[in-house]
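Undergrad: This is target.cif, which holds mmCIF, C-alpha atoms:
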```
data_run
loop_
_atom_site.group_PDB
_atom_site.id
_atom_site.type_symbol
_atom_site.label_atom_id
_atom_site.label_comp_id
_atom_site.auth_asym_id
_atom_site.auth_seq_id
_atom_site.Cartn_x
_atom_site.Cartn_y
_atom_site.Cartn_z
ATOM 1 C CA MET A 1 0.000 0.000 0.000
ATOM 2 C CA ALA A 2 1.293 3.462 -0.917
ATOM 3 C CA THR A 3 2.277 5.878 1.822
ATOM 4 C CA HIS A 4 0.018 8.915 2.085
ATOM 5 C CA HIS A 5 2.033 12.120 2.458
ATOM 6 C CA THR A 6 0.408 15.396 3.363
ATOM 7 C CA GLY A 7 1.841 18.746 2.520
ATOM 8 C CA ALA A 8 1.503 22.493 2.554
ATOM 9 C CA ILE A 9 -0.254 23.553 -0.642
ATOM 10 C CA LEU A 10 -0.813 27.037 -2.061
ATOM 11 C CA ILE A 11 -3.801 27.437 -4.390
ATOM 12 C CA ALA A 12 -3.619 30.398 -6.784
ATOM 13 C CA ASP A 13 -6.826 31.179 -8.650
ATOM 14 C CA ASP A 14 -8.705 34.359 -9.470
ATOM 15 C CA LEU A 15 -12.071 32.573 -9.246
ATOM 16 C CA GLN A 16 -13.425 32.280 -5.710
ATOM 17 C CA ALA A 17 -15.521 29.187 -6.497
ATOM 18 C CA ASN A 18 -12.416 27.325 -7.716
ATOM 19 C CA ARG A 19 -10.400 28.374 -4.661
ATOM 20 C CA GLU A 20 -13.144 27.211 -2.334
ATOM 21 C CA SER A 21 -13.768 23.850 -4.009
ATOM 22 C CA LEU A 22 -10.068 22.987 -4.339
ATOM 23 C CA SER A 23 -9.362 24.127 -0.811
ATOM 24 C CA GLN A 24 -12.174 21.957 0.512
ATOM 25 C CA LEU A 25 -10.957 18.913 -1.439
ATOM 26 C CA LEU A 26 -7.303 19.309 -0.468
ATOM 27 C CA THR A 27 -8.123 20.006 3.171
ATOM 28 C CA GLY A 28 -10.260 16.870 3.124
ATOM 29 C CA PHE A 29 -7.216 14.959 1.873
ATOM 30 C CA GLY A 30 -5.330 16.167 4.968
ATOM 31 C CA HIS A 31 -3.233 18.941 3.419
ATOM 32 C CA ALA A 32 -2.602 22.366 4.927
ATOM 33 C CA VAL A 33 -4.016 24.810 2.370
ATOM 34 C CA THR A 34 -3.440 28.510 1.777
ATOM 35 C CA VAL A 35 -5.252 30.405 -0.984
ATOM 36 C CA ALA A 36 -4.268 33.365 -3.125
ATOM 37 C CA ASP A 37 -6.614 35.239 -5.450
ATOM 38 C CA SER A 38 -3.917 36.178 -7.968
ATOM 39 C CA GLY A 39 -0.491 35.206 -9.179
ATOM 40 C CA ARG A 40 0.906 38.368 -7.621
ATOM 41 C CA GLN A 41 -0.530 37.490 -4.209
ATOM 42 C CA ALA A 42 0.779 33.921 -4.539
ATOM 43 C CA LEU A 43 4.299 35.203 -5.235
ATOM 44 C CA ALA A 44 4.125 37.483 -2.192
ATOM 45 C CA ILE A 45 3.025 34.559 -0.017
ATOM 46 C CA LEU A 46 5.832 32.383 -1.390
ATOM 47 C CA LEU A 47 8.375 34.977 -0.261
ATOM 48 C CA THR A 48 7.400 34.447 3.372
ATOM 49 C CA HIS A 49 6.036 30.893 3.605
ATOM 50 C CA LYS A 50 7.293 27.499 2.480
ATOM 51 C CA PHE A 51 5.005 25.231 0.433
ATOM 52 C CA ASP A 52 5.375 21.745 -0.962
ATOM 53 C CA LEU A 53 3.226 22.482 -4.011
ATOM 54 C CA VAL A 54 1.445 25.310 -5.802
ATOM 55 C CA VAL A 55 -1.844 24.505 -7.543
ATOM 56 C CA LEU A 56 -2.299 27.210 -10.191
ATOM 57 C CA ASN A 57 -5.182 28.049 -12.504
ATOM 58 C CA ALA A 58 -3.628 27.852 -15.978
ATOM 59 C CA THR A 59 -5.958 30.589 -17.194
ATOM 60 C CA LEU A 60 -5.440 33.443 -14.736
ATOM 61 C CA ALA A 61 -6.581 36.720 -16.312
ATOM 62 C CA ASN A 62 -4.274 38.475 -18.785
ATOM 63 C CA GLY A 63 -1.687 35.697 -19.038
ATOM 64 C CA LYS A 64 -0.768 35.968 -15.363
ATOM 65 C CA SER A 65 -0.242 32.202 -15.084
ATOM 66 C CA LEU A 66 2.699 32.335 -17.463
ATOM 67 C CA GLN A 67 4.058 35.437 -15.728
ATOM 68 C CA PHE A 68 3.810 33.622 -12.384
ATOM 69 C CA LEU A 69 5.728 30.608 -13.712
ATOM 70 C CA GLN A 70 8.379 32.803 -15.322
ATOM 71 C CA ARG A 71 8.920 34.795 -12.136
ATOM 72 C CA LEU A 72 8.971 31.649 -9.990
ATOM 73 C CA GLY A 73 11.708 30.218 -12.211
ATOM 74 C CA GLU A 74 13.800 33.386 -12.359
ATOM 75 C CA ASP A 75 13.551 35.040 -8.945
ATOM 76 C CA GLN A 76 16.324 33.771 -6.661
ATOM 77 C CA ASP A 77 14.406 35.026 -3.605
ATOM 78 C CA LEU A 78 11.530 32.631 -4.315
ATOM 79 C CA PRO A 79 11.867 29.020 -3.172
ATOM 80 C CA LEU A 80 11.886 26.323 -5.829
ATOM 81 C CA THR A 81 8.333 24.993 -5.515
ATOM 82 C CA PRO A 82 6.679 22.540 -7.915
ATOM 83 C CA VAL A 83 3.549 23.775 -9.695
ATOM 84 C CA MET A 84 0.509 21.820 -10.850
ATOM 85 C CA VAL A 85 -1.850 23.677 -13.178
ATOM 86 C CA PHE A 86 -5.515 23.118 -13.871
ATOM 87 C CA ALA A 87 -8.091 24.329 -16.391
ATOM 88 C CA GLY A 88 -11.105 23.090 -18.278
ATOM 89 C CA PRO A 89 -10.825 20.707 -21.234
ATOM 90 C CA GLU A 90 -11.291 23.604 -23.657
ATOM 91 C CA GLN A 91 -8.131 25.220 -22.236
ATOM 92 C CA MET A 92 -5.581 22.539 -23.138
ATOM 93 C CA ALA A 93 -3.461 25.091 -25.015
ATOM 94 C CA ALA A 94 -3.096 27.136 -21.816
ATOM 95 C CA ILE A 95 -2.171 23.999 -19.874
ATOM 96 C CA ALA A 96 0.427 23.099 -22.518
ATOM 97 C CA GLN A 97 1.923 26.610 -22.342
ATOM 98 C CA CYS A 98 2.174 26.366 -18.561
ATOM 99 C CA LEU A 99 3.832 22.952 -18.767
ATOM 100 C CA ALA A 100 6.337 24.368 -21.268
ATOM 101 C CA ALA A 101 6.949 27.300 -18.890
ATOM 102 C CA GLY A 102 7.852 25.053 -15.969
ATOM 103 C CA ALA A 103 4.717 23.573 -14.425
ATOM 104 C CA GLU A 104 5.293 19.927 -13.516
ATOM 105 C CA ASP A 105 1.815 18.458 -13.910
ATOM 106 C CA HIS A 106 -1.819 19.264 -14.634
ATOM 107 C CA VAL A 107 -5.384 18.231 -13.961
ATOM 108 C CA VAL A 108 -8.458 18.982 -16.045
ATOM 109 C CA GLN A 109 -11.618 20.464 -14.567
ATOM 110 C CA PRO A 110 -14.028 19.335 -13.415
ATOM 111 C CA VAL A 111 -11.511 17.701 -11.118
ATOM 112 C CA GLU A 112 -12.026 14.037 -10.281
ATOM 113 C CA PRO A 113 -11.075 13.730 -6.580
ATOM 114 C CA PRO A 114 -9.300 10.336 -6.866
ATOM 115 C CA LEU A 115 -7.202 11.602 -9.784
ATOM 116 C CA LEU A 116 -6.402 14.853 -7.998
ATOM 117 C CA ARG A 117 -5.383 12.964 -4.873
ATOM 118 C CA SER A 118 -3.077 10.674 -6.906
ATOM 119 C CA ARG A 119 -1.485 13.565 -8.778
ATOM 120 C CA ILE A 120 -0.938 15.532 -5.567
ATOM 121 C CA GLN A 121 0.600 12.472 -3.886
ATOM 122 C CA ALA A 122 2.935 11.921 -6.841
ATOM 123 C CA ALA A 123 4.015 15.576 -6.782
ATOM 124 C CA LEU A 124 4.690 15.459 -3.051
ATOM 125 C CA GLU A 125 6.653 12.224 -3.412
ATOM 126 C CA ARG A 126 8.780 13.696 -6.238
ATOM 127 C CA LYS A 127 9.517 16.737 -4.096
ATOM 128 C CA ARG A 128 10.377 14.561 -1.089
ATOM 129 C CA LEU A 129 12.863 12.544 -3.197
ATOM 130 C CA ARG A 130 14.732 15.630 -4.433
#
```
Give the structure from the file, written as structure tokens.

TA:
Amino acid sequence: MATHHTGAILIADDLQANRESLSQLLTGFGHAVTVADSGRQALAILLTHKFDLVVLNATLANGKSLQFLQRLGEDQDLPLTPVMVFAGPEQMAAIAQCLAAGAEDHVVQPVEPPLLRSRIQAALERKRLR
């Protein structure tokens, strides 16, 4: 049986309904969850708090998802934190752009809880092994 690791997860999404539903799911899985309503707020939080994973909406307004990933990869003051992106099935191009910009994984909305749990566990395990 696989070991279940819990972690500190930052959710960055400009849609309150997404933040609430993801936060509820991840908290139910046993993770400590913090939410940010923008990429800018998420970056500010990352400067002062350590997280095991960022869950990022791949379609933040005005291309902010890509800006977030670029800044996360370039700013030496920001900790190296893996990013999982999510978006609807009609937004696969945005997901692909985020993966090319440094995101490690993705899930498609509507999120299937067992799949999300497995992907989160895999991300936490990869981080633990680094």

Undergrad: Pick from A:Arg71, A:His49, A:Arg119, A:Lys64: nearest to Asp37 in chain A, with all atoms listed in the file counted?

TA: A:Lys64

Undergrad: Would you mind reading off the distance between CA of Leu60 in chain A and CA of Gln97 in chain A, one decimal, in Å?

TA: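 Distance between the two atoms: 12.6 Å.
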
Undergrad: List as a compact mmCIF listing (two decimals) with C-alpha atoms, in the frame of the given file the protein and nucleic acid residues near Glu104 in chain A, meaning an atom at most 12 Å away when only C-alpha atoms are counted, but skip any in the same chain fewer than 4 places from it.

TA:
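Below you can see selection.txt, which holds the result:
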```txt
# COMPACT_ATOMS: atom_id res chain seq x y z
CA LEU A 53 3.23 22.48 -4.01
CA VAL A 54 1.44 25.31 -5.80
CA VAL A 55 -1.84 24.50 -7.54
CA LEU A 56 -2.30 27.21 -10.19
CA LEU A 69 5.73 30.61 -13.71
CA LEU A 80 11.89 26.32 -5.83
CA THR A 81 8.33 24.99 -5.52
CA PRO A 82 6.68 22.54 -7.92
CA VAL A 83 3.55 23.78 -9.70
CA MET A 84 0.51 21.82 -10.85
CA VAL A 85 -1.85 23.68 -13.18
CA PHE A 86 -5.52 23.12 -13.87
CA ILE A 95 -2.17 24.00 -19.87
CA ALA A 96 0.43 23.10 -22.52
CA GLN A 97 1.92 26.61 -22.34
CA CYS A 98 2.17 26.37 -18.56
CA LEU A 99 3.83 22.95 -18.77
CA ALA A 100 6.34 24.37 -21.27
CA ARG A 119 -1.48 13.56 -8.78
CA ILE A 120 -0.94 15.53 -5.57
CA ALA A 122 2.94 11.92 -6.84
CA ALA A 123 4.01 15.58 -6.78
CA LEU A 124 4.69 15.46 -3.05
CA ARG A 126 8.78 13.70 -6.24
CA LYS A 127 9.52 16.74 -4.10
```

Undergrad: Running the PyMOL selection byres ((chain A and resi 47) around 12) on this model by hand, what would come out? Give it as a ChimeraX atom specification.

TA: /A:40-46,48-51,71-72,75-81

Undergrad: Write the residues you've just listed into a file as an mmCIF file, in the coordinates of the input, and include C-alpha atoms for each of them.

TA:
```cif
data_model
loop_
_atom_site.group_PDB
_atom_site.id
_atom_site.type_symbol
_atom_site.label_atom_id
_atom_site.label_comp_id
_atom_site.auth_asym_id
_atom_site.auth_seq_id
_atom_site.Cartn_x
_atom_site.Cartn_y
_atom_site.Cartn_z
ATOM 1 C CA ARG A 40 0.906 38.368 -7.621
ATOM 2 C CA GLN A 41 -0.530 37.490 -4.209
ATOM 3 C CA ALA A 42 0.779 33.921 -4.539
ATOM 4 C CA LEU A 43 4.299 35.203 -5.235
ATOM 5 C CA ALA A 44 4.125 37.483 -2.192
ATOM 6 C CA ILE A 45 3.025 34.559 -0.017
ATOM 7 C CA LEU A 46 5.832 32.383 -1.390
ATOM 8 C CA THR A 48 7.400 34.447 3.372
ATOM 9 C CA HIS A 49 6.036 30.893 3.605
ATOM 10 C CA LYS A 50 7.293 27.499 2.480
ATOM 11 C CA PHE A 51 5.005 25.231 0.433
ATOM 12 C CA ARG A 71 8.920 34.795 -12.136
ATOM 13 C CA LEU A 72 8.971 31.649 -9.990
ATOM 14 C CA ASP A 75 13.551 35.040 -8.945
ATOM 15 C CA GLN A 76 16.324 33.771 -6.661
ATOM 16 C CA ASP A 77 14.406 35.026 -3.605
ATOM 17 C CA LEU A 78 11.530 32.631 -4.315
ATOM 18 C CA PRO A 79 11.867 29.020 -3.172
ATOM 19 C CA LEU A 80 11.886 26.323 -5.829
ATOM 20 C CA THR A 81 8.333 24.993 -5.515
#
```

Undergrad: CA of Gly102 in chain A and CA of Asp14 in chain A are how many Å apart?

TA: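 Rounded to one decimal, the two atoms are 20.1 Å apart.
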
Undergrad: Quick check, in Å to one decimal: how far apart do CA of Ser21 in chain A and CA of Gly73 in chain A lie?

TA: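 Separation of CA of Ser21 in chain A and CA of Gly73 in chain A: 27.5 Å.
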
Undergrad: Evaluate the PyMOL selection byres ((chain A and resi 89) around 10) and record the selected residues as a list of chain:residue names, following the chain and residue labels used in the document.

TA: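 Selected by the PyMOL selection byres ((chain A and resi 89) around 10) here: A:Phe86, A:Ala87, A:Gly88, A:Glu90, A:Gln91, A:Met92, A:Ala93, A:Ile95, A:Val107, A:Val108, A:Gln109, A:Pro110.
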
Undergrad: Given the PyMOL selection byres ((chain A and resi 13) around 9) and the file above, list the residues it selects as a PyMOL selection string.

TA: chain A and resi 11-12+14-16+18-19+35-39+55-60

Undergrad: If you keep C-alpha atoms, can you produce a file of those selected residues as a tab-separated table (two decimals), in the frame of the given file?

TA:
```
chain	number	residue	atom	x	y	z
A	11	ILE	CA	-3.80	27.44	-4.39
A	12	ALA	CA	-3.62	30.40	-6.78
A	14	ASP	CA	-8.70	34.36	-9.47
A	15	LEU	CA	-12.07	32.57	-9.25
A	16	GLN	CA	-13.42	32.28	-5.71
A	18	ASN	CA	-12.42	27.32	-7.72
A	19	ARG	CA	-10.40	28.37	-4.66
A	35	VAL	CA	-5.25	30.40	-0.98
A	36	ALA	CA	-4.27	33.36	-3.12
A	37	ASP	CA	-6.61	35.24	-5.45
A	38	SER	CA	-3.92	36.18	-7.97
A	39	GLY	CA	-0.49	35.21	-9.18
A	55	VAL	CA	-1.84	24.50	-7.54
A	56	LEU	CA	-2.30	27.21	-10.19
A	57	ASN	CA	-5.18	28.05	-12.50
A	58	ALA	CA	-3.63	27.85	-15.98
A	59	THR	CA	-5.96	30.59	-17.19
A	60	LEU	CA	-5.44	33.44	-14.74
```

Undergrad: Please define a box with edges along x, y and z of the file around all atoms of range 108-121 of chain A given in the file, extend it by 5 Å on each side, and return its centre and edge lengths in Å to one decimal, as JSON.

TA:
```
{"center_x": -6.7, "center_y": 15.4, "center_z": -10.0, "size_x": 24.6, "size_y": 20.1, "size_z": 22.2}
```

Undergrad: Of the residues A:Ala103, A:Ala8, A:Ala94, A:Leu116, which is the one nearest to Gly30 in chain A, using only C-alpha atoms?

TA: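 Looking only at the distances to Gly30 in chain A, the closest residue turns out to be A:Ala8.
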
Undergrad: If we count only C-alpha atoms, what is near Ser23 in chain A at a cut-off of 10 Å, once residues fewer than 6 positions away on the same chain are taken out, given as a PDB file with C-alpha atoms, in the coordinates of the input?

TA:
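Dumped everything to part02.pdb:
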```
ATOM      1  CA  ILE A   9      -0.254  23.553  -0.642  1.00  0.00           C
ATOM      2  CA  LEU A  10      -0.813  27.037  -2.061  1.00  0.00           C
ATOM      3  CA  ILE A  11      -3.801  27.437  -4.390  1.00  0.00           C
ATOM      4  CA  ALA A  17     -15.521  29.187  -6.497  1.00  0.00           C
ATOM      5  CA  PHE A  29      -7.216  14.959   1.873  1.00  0.00           C
ATOM      6  CA  HIS A  31      -3.233  18.941   3.419  1.00  0.00           C
ATOM      7  CA  ALA A  32      -2.602  22.366   4.927  1.00  0.00           C
ATOM      8  CA  VAL A  33      -4.016  24.810   2.370  1.00  0.00           C
ATOM      9  CA  THR A  34      -3.440  28.510   1.777  1.00  0.00           C
ATOM     10  CA  VAL A  35      -5.252  30.405  -0.984  1.00  0.00           C
TER      11      VAL A  35
END
```

Undergrad: Would you please work out which residue, of A:Val111, A:Thr27, A:Gly63, A:Phe68, is nearest to Thr6 in chain A when using all atoms listed in the file?

TA: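 Of A:Val111, A:Thr27, A:Gly63, A:Phe68, the one nearest Thr6 in chain A is A:Thr27, counting all atoms listed in the file.
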
Undergrad: Which one of A:Asp52, A:Gln24, A:Glu74, A:Leu115 sits closest to His5 in chain A if you count only C-alpha atoms?

TA: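 With only C-alpha atoms as the atom set, the closest residue is A:Asp52.
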
Undergrad: Go through A:Leu26, A:Ser118, A:Arg130, A:Gln67 and flag the residue nearest His106 in chain A, using all atoms listed in the file for the distances.

TA: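 The answer is A:Ser118, which sits nearest to His106 in chain A.
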